[in-house]
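Visitor: This is the structure, below, for whatever I ask next.
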Amino acid sequence: MLFLKRYWQQIRDSEVTVAFRRWKSRQVLAGRRYRTAAGIIEVESIDEITDADVTDDDARRAGHANSQALLSDLPVRPGIPLYRIVFHVVNEPDPRAALAADAELTLDDVADISRRLERLDRASSHGAWTQSVLEAVAANPGRRALDLAALFGRETQPFKTDVRKLKNLGLTISLRIGYELSPRGQAYLRAIS
């Protein structure tokens, strides 16, 4: 889920625990966890409601003064349902960070990572990319995504999406500018070389 930056600290502090979205269909599920810029949240409930169902209390829990202020902040999308999402912050480390820090790879771990990378390569519309991107990140820590993407003749945004897939496997770490291999990513490249 995406939240405006102005809500990030309030979400972290559990002052904002409700969100409202106009979606064609549900984009989140109750009981699931989602990474956000404010941290990991867990959705407690999601209900389709009408504008008239929005209470002042709900609006305050969503970071607005009242229901009228909240509704005026929502985009007008005729015929698109309104959803109330109740959530809480999960005060646990991001599982990707714990995975990235784990450099003790067994043979089964290496085989599992290889299978996952092969699956990403097969699903790619631009061919096999995982190995070469891991090697490029290893050789260019902190290099801008724009520059790395150019090495492969790719557009920046799709390239960043691919690197995010490697991050989800615990193989890369996002820096303020660019990326680096995680300890797990370094251990994987050592294991396959």
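Letters A, B, ... go to the chains of the structure tokens in the order shown; residues in each chain start at 1; ligands are counted from 1 in the same order.
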Residues at most 8 Å from Tyr7 (chain A), counting only C-alpha atoms, excluding those fewer than 2 positions away in the same chain, as a ChimeraX atom specification?
Guide: /A:3-5,9-11,16,38,63
Visitor: Let me see the file: selected residues, N, CA and C atoms, as an mmCIF file, in the first residue's frame.
Guide:
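Saved result, part27.cif, follows:
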data_model
loop_
_atom_site.group_PDB
_atom_site.id
_atom_site.type_symbol
_atom_site.label_atom_id
_atom_site.label_comp_id
_atom_site.auth_asym_id
_atom_site.auth_seq_id
_atom_site.Cartn_x
_atom_site.Cartn_y
_atom_site.Cartn_z
ATOM 1 N N PHE A 3 1.298 5.253 0.898
ATOM 2 C CA PHE A 3 0.813 6.327 1.763
ATOM 3 C C PHE A 3 1.600 7.579 1.440
ATOM 4 N N LEU A 4 0.930 8.721 1.516
ATOM 5 C CA LEU A 4 1.623 9.989 1.338
ATOM 6 C C LEU A 4 2.639 10.161 2.463
ATOM 7 N N LYS A 5 3.734 10.811 2.147
ATOM 8 C CA LYS A 5 4.830 10.985 3.110
ATOM 9 C C LYS A 5 4.366 11.658 4.403
ATOM 10 N N GLN A 9 5.140 9.148 9.571
ATOM 11 C CA GLN A 9 5.463 9.162 11.001
ATOM 12 C C GLN A 9 4.232 8.827 11.838
ATOM 13 N N GLN A 10 3.064 9.330 11.440
ATOM 14 C CA GLN A 10 1.840 9.022 12.188
ATOM 15 C C GLN A 10 1.520 7.527 12.127
ATOM 16 N N ILE A 11 1.824 6.895 11.011
ATOM 17 C CA ILE A 11 1.616 5.444 10.905
ATOM 18 C C ILE A 11 2.601 4.727 11.817
ATOM 19 N N VAL A 16 -2.142 6.879 12.956
ATOM 20 C CA VAL A 16 -2.972 6.602 11.783
ATOM 21 C C VAL A 16 -3.070 5.089 11.656
ATOM 22 N N ALA A 38 6.307 3.592 5.408
ATOM 23 C CA ALA A 38 6.191 3.859 6.844
ATOM 24 C C ALA A 38 6.561 2.645 7.676
ATOM 25 N N GLY A 63 -6.045 10.285 9.893
ATOM 26 C CA GLY A 63 -5.215 11.480 9.841
ATOM 27 C C GLY A 63 -5.909 12.723 9.349
#
Visitor: So that I can check the secondary structure, give me every residue of region 11-84 of chain A assigned strand (DSSP E) by backbone DSSP, as an MDAnalysis selection string.
Guide: chainID A and resid 18:22 33:36 39:49 82:84
Visitor: Take the selection from the previous step and output its residues with N, CA and C atoms, as an mmCIF file, in the first residue's frame.
Guide:
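The resulting out05.cif:
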data_model
loop_
_atom_site.group_PDB
_atom_site.id
_atom_site.type_symbol
_atom_site.label_atom_id
_atom_site.label_comp_id
_atom_site.auth_asym_id
_atom_site.auth_seq_id
_atom_site.Cartn_x
_atom_site.Cartn_y
_atom_site.Cartn_z
ATOM 1 N N VAL A 18 -6.142 3.717 10.011
ATOM 2 C CA VAL A 18 -7.214 3.480 9.045
ATOM 3 C C VAL A 18 -6.843 4.198 7.754
ATOM 4 N N ALA A 19 -7.156 3.574 6.642
ATOM 5 C CA ALA A 19 -6.947 4.208 5.342
ATOM 6 C C ALA A 19 -8.201 4.006 4.506
ATOM 7 N N PHE A 20 -8.435 4.913 3.596
ATOM 8 C CA PHE A 20 -9.572 4.817 2.677
ATOM 9 C C PHE A 20 -9.031 4.877 1.257
ATOM 10 N N ARG A 21 -9.522 3.976 0.424
ATOM 11 C CA ARG A 21 -9.087 3.930 -0.968
ATOM 12 C C ARG A 21 -10.281 3.678 -1.874
ATOM 13 N N ARG A 22 -10.258 4.308 -3.048
ATOM 14 C CA ARG A 22 -11.228 3.997 -4.103
ATOM 15 C C ARG A 22 -10.510 3.079 -5.087
ATOM 16 N N ARG A 33 0.363 -9.027 5.545
ATOM 17 C CA ARG A 33 1.302 -7.943 5.848
ATOM 18 C C ARG A 33 1.779 -7.310 4.544
ATOM 19 N N TYR A 34 2.032 -5.992 4.620
ATOM 20 C CA TYR A 34 2.474 -5.243 3.445
ATOM 21 C C TYR A 34 3.607 -4.307 3.846
ATOM 22 N N ARG A 35 4.622 -4.231 2.987
ATOM 23 C CA ARG A 35 5.703 -3.289 3.198
ATOM 24 C C ARG A 35 5.262 -1.921 2.688
ATOM 25 N N THR A 36 5.465 -0.916 3.473
ATOM 26 C CA THR A 36 5.166 0.452 3.066
ATOM 27 C C THR A 36 6.372 1.318 3.404
ATOM 28 N N GLY A 39 6.800 1.517 7.056
ATOM 29 C CA GLY A 39 7.110 0.280 7.770
ATOM 30 C C GLY A 39 6.154 -0.822 7.333
ATOM 31 N N ILE A 40 6.257 -1.954 7.994
ATOM 32 C CA ILE A 40 5.390 -3.085 7.671
ATOM 33 C C ILE A 40 4.075 -2.913 8.424
ATOM 34 N N ILE A 41 2.981 -3.080 7.690
ATOM 35 C CA ILE A 41 1.672 -3.024 8.329
ATOM 36 C C ILE A 41 0.971 -4.361 8.123
ATOM 37 N N GLU A 42 0.049 -4.650 9.018
ATOM 38 C CA GLU A 42 -0.806 -5.824 8.862
ATOM 39 C C GLU A 42 -2.252 -5.343 8.781
ATOM 40 N N VAL A 43 -2.946 -5.774 7.748
ATOM 41 C CA VAL A 43 -4.333 -5.362 7.551
ATOM 42 C C VAL A 43 -5.222 -6.202 8.472
ATOM 43 N N GLU A 44 -6.005 -5.528 9.300
ATOM 44 C CA GLU A 44 -6.937 -6.203 10.202
ATOM 45 C C GLU A 44 -8.265 -6.470 9.511
ATOM 46 N N SER A 45 -8.712 -5.487 8.737
ATOM 47 C CA SER A 45 -9.981 -5.657 8.018
ATOM 48 C C SER A 45 -10.015 -4.721 6.819
ATOM 49 N N ILE A 46 -10.811 -5.118 5.843
ATOM 50 C CA ILE A 46 -11.067 -4.260 4.686
ATOM 51 C C ILE A 46 -12.539 -4.431 4.342
ATOM 52 N N ASP A 47 -13.243 -3.310 4.292
ATOM 53 C CA ASP A 47 -14.686 -3.336 4.041
ATOM 54 C C ASP A 47 -15.040 -2.357 2.936
ATOM 55 N N GLU A 48 -15.919 -2.783 2.043
ATOM 56 C CA GLU A 48 -16.454 -1.876 1.043
ATOM 57 C C GLU A 48 -17.557 -1.083 1.718
ATOM 58 N N ILE A 49 -17.479 0.247 1.603
ATOM 59 C CA ILE A 49 -18.441 1.120 2.268
ATOM 60 C C ILE A 49 -18.901 2.198 1.296
ATOM 61 N N LEU A 82 -15.534 2.413 -2.556
ATOM 62 C CA LEU A 82 -14.710 2.975 -1.486
ATOM 63 C C LEU A 82 -14.446 1.861 -0.478
ATOM 64 N N TYR A 83 -13.182 1.730 -0.068
ATOM 65 C CA TYR A 83 -12.802 0.712 0.918
ATOM 66 C C TYR A 83 -12.231 1.374 2.154
ATOM 67 N N ARG A 84 -12.631 0.836 3.322
ATOM 68 C CA ARG A 84 -12.035 1.241 4.604
ATOM 69 C C ARG A 84 -11.086 0.120 5.013
#
Visitor: So that I can see what lies close to Ala187 (chain A), please list as a list in words the residues with an atom at most 8 Å from it, counting only C-alpha atoms and leaving out residues fewer than 6 positions away in the same chain.
Guide: Ala103, Glu104 and Leu105 of chain A
Visitor: Quick one, how far is CA of Glu92 (chain A) from CA of Val163 (chain A)?
Guide: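 If I compute the distance from CA of Glu92 (chain A) to CA of Val163 (chain A), I get 23.6 Å.
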Visitor: Select from region 17-103 of chain A everything DSSP, run on the backbone, classes as alpha helix (DSSP H), then give the selection as a JSON list (two decimals) with C-alpha atoms, in the first residue's frame.
Guide:
[["chain", "number", "residue", "atom", "x", "y", "z"],
["A", 56, "ASP", "CA", -15.56, 11.42, 11.97],
["A", 57, "ASP", "CA", -13.79, 8.89, 14.21],
["A", 58, "ASP", "CA", -12.65, 6.89, 11.17],
["A", 59, "ALA", "CA", -11.47, 10.10, 9.53],
["A", 60, "ARG", "CA", -9.42, 11.07, 12.60],
["A", 61, "ARG", "CA", -7.88, 7.55, 12.68],
["A", 67, "SER", "CA", -15.21, 12.85, 7.49],
["A", 68, "GLN", "CA", -15.82, 15.85, 5.23],
["A", 69, "ALA", "CA", -12.08, 16.63, 5.11],
["A", 70, "LEU", "CA", -11.27, 13.00, 4.37],
["A", 71, "LEU", "CA", -13.84, 12.70, 1.58],
["A", 72, "SER", "CA", -12.67, 15.93, -0.04],
["A", 73, "ASP", "CA", -9.12, 14.49, -0.04],
["A", 95, "PRO", "CA", 12.14, -10.14, 6.96],
["A", 96, "ARG", "CA", 14.13, -9.17, 3.88],
["A", 97, "ALA", "CA", 16.76, -7.54, 6.12],
["A", 98, "ALA", "CA", 17.13, -10.69, 8.22],
["A", 99, "LEU", "CA", 17.34, -12.80, 5.07],
["A", 100, "ALA", "CA", 19.90, -10.44, 3.49],
["A", 101, "ALA", "CA", 22.13, -10.66, 6.57]]
Visitor: State, in Å with one decimal place, the distance from CA of Arg12 (chain A) to CA of Arg32 (chain A).
Guide: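 Taking CA of Arg12 (chain A) and CA of Arg32 (chain A), their separation equals 17.6 Å.
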Visitor: Using only C-alpha atoms, can you tell me which of A:Ala30, A:Ser114, A:Thr161, A:Gly142 comes closest to Leu175 (chain A)?
Guide: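 With only C-alpha atoms as the atom set, the closest residue is A:Gly142.
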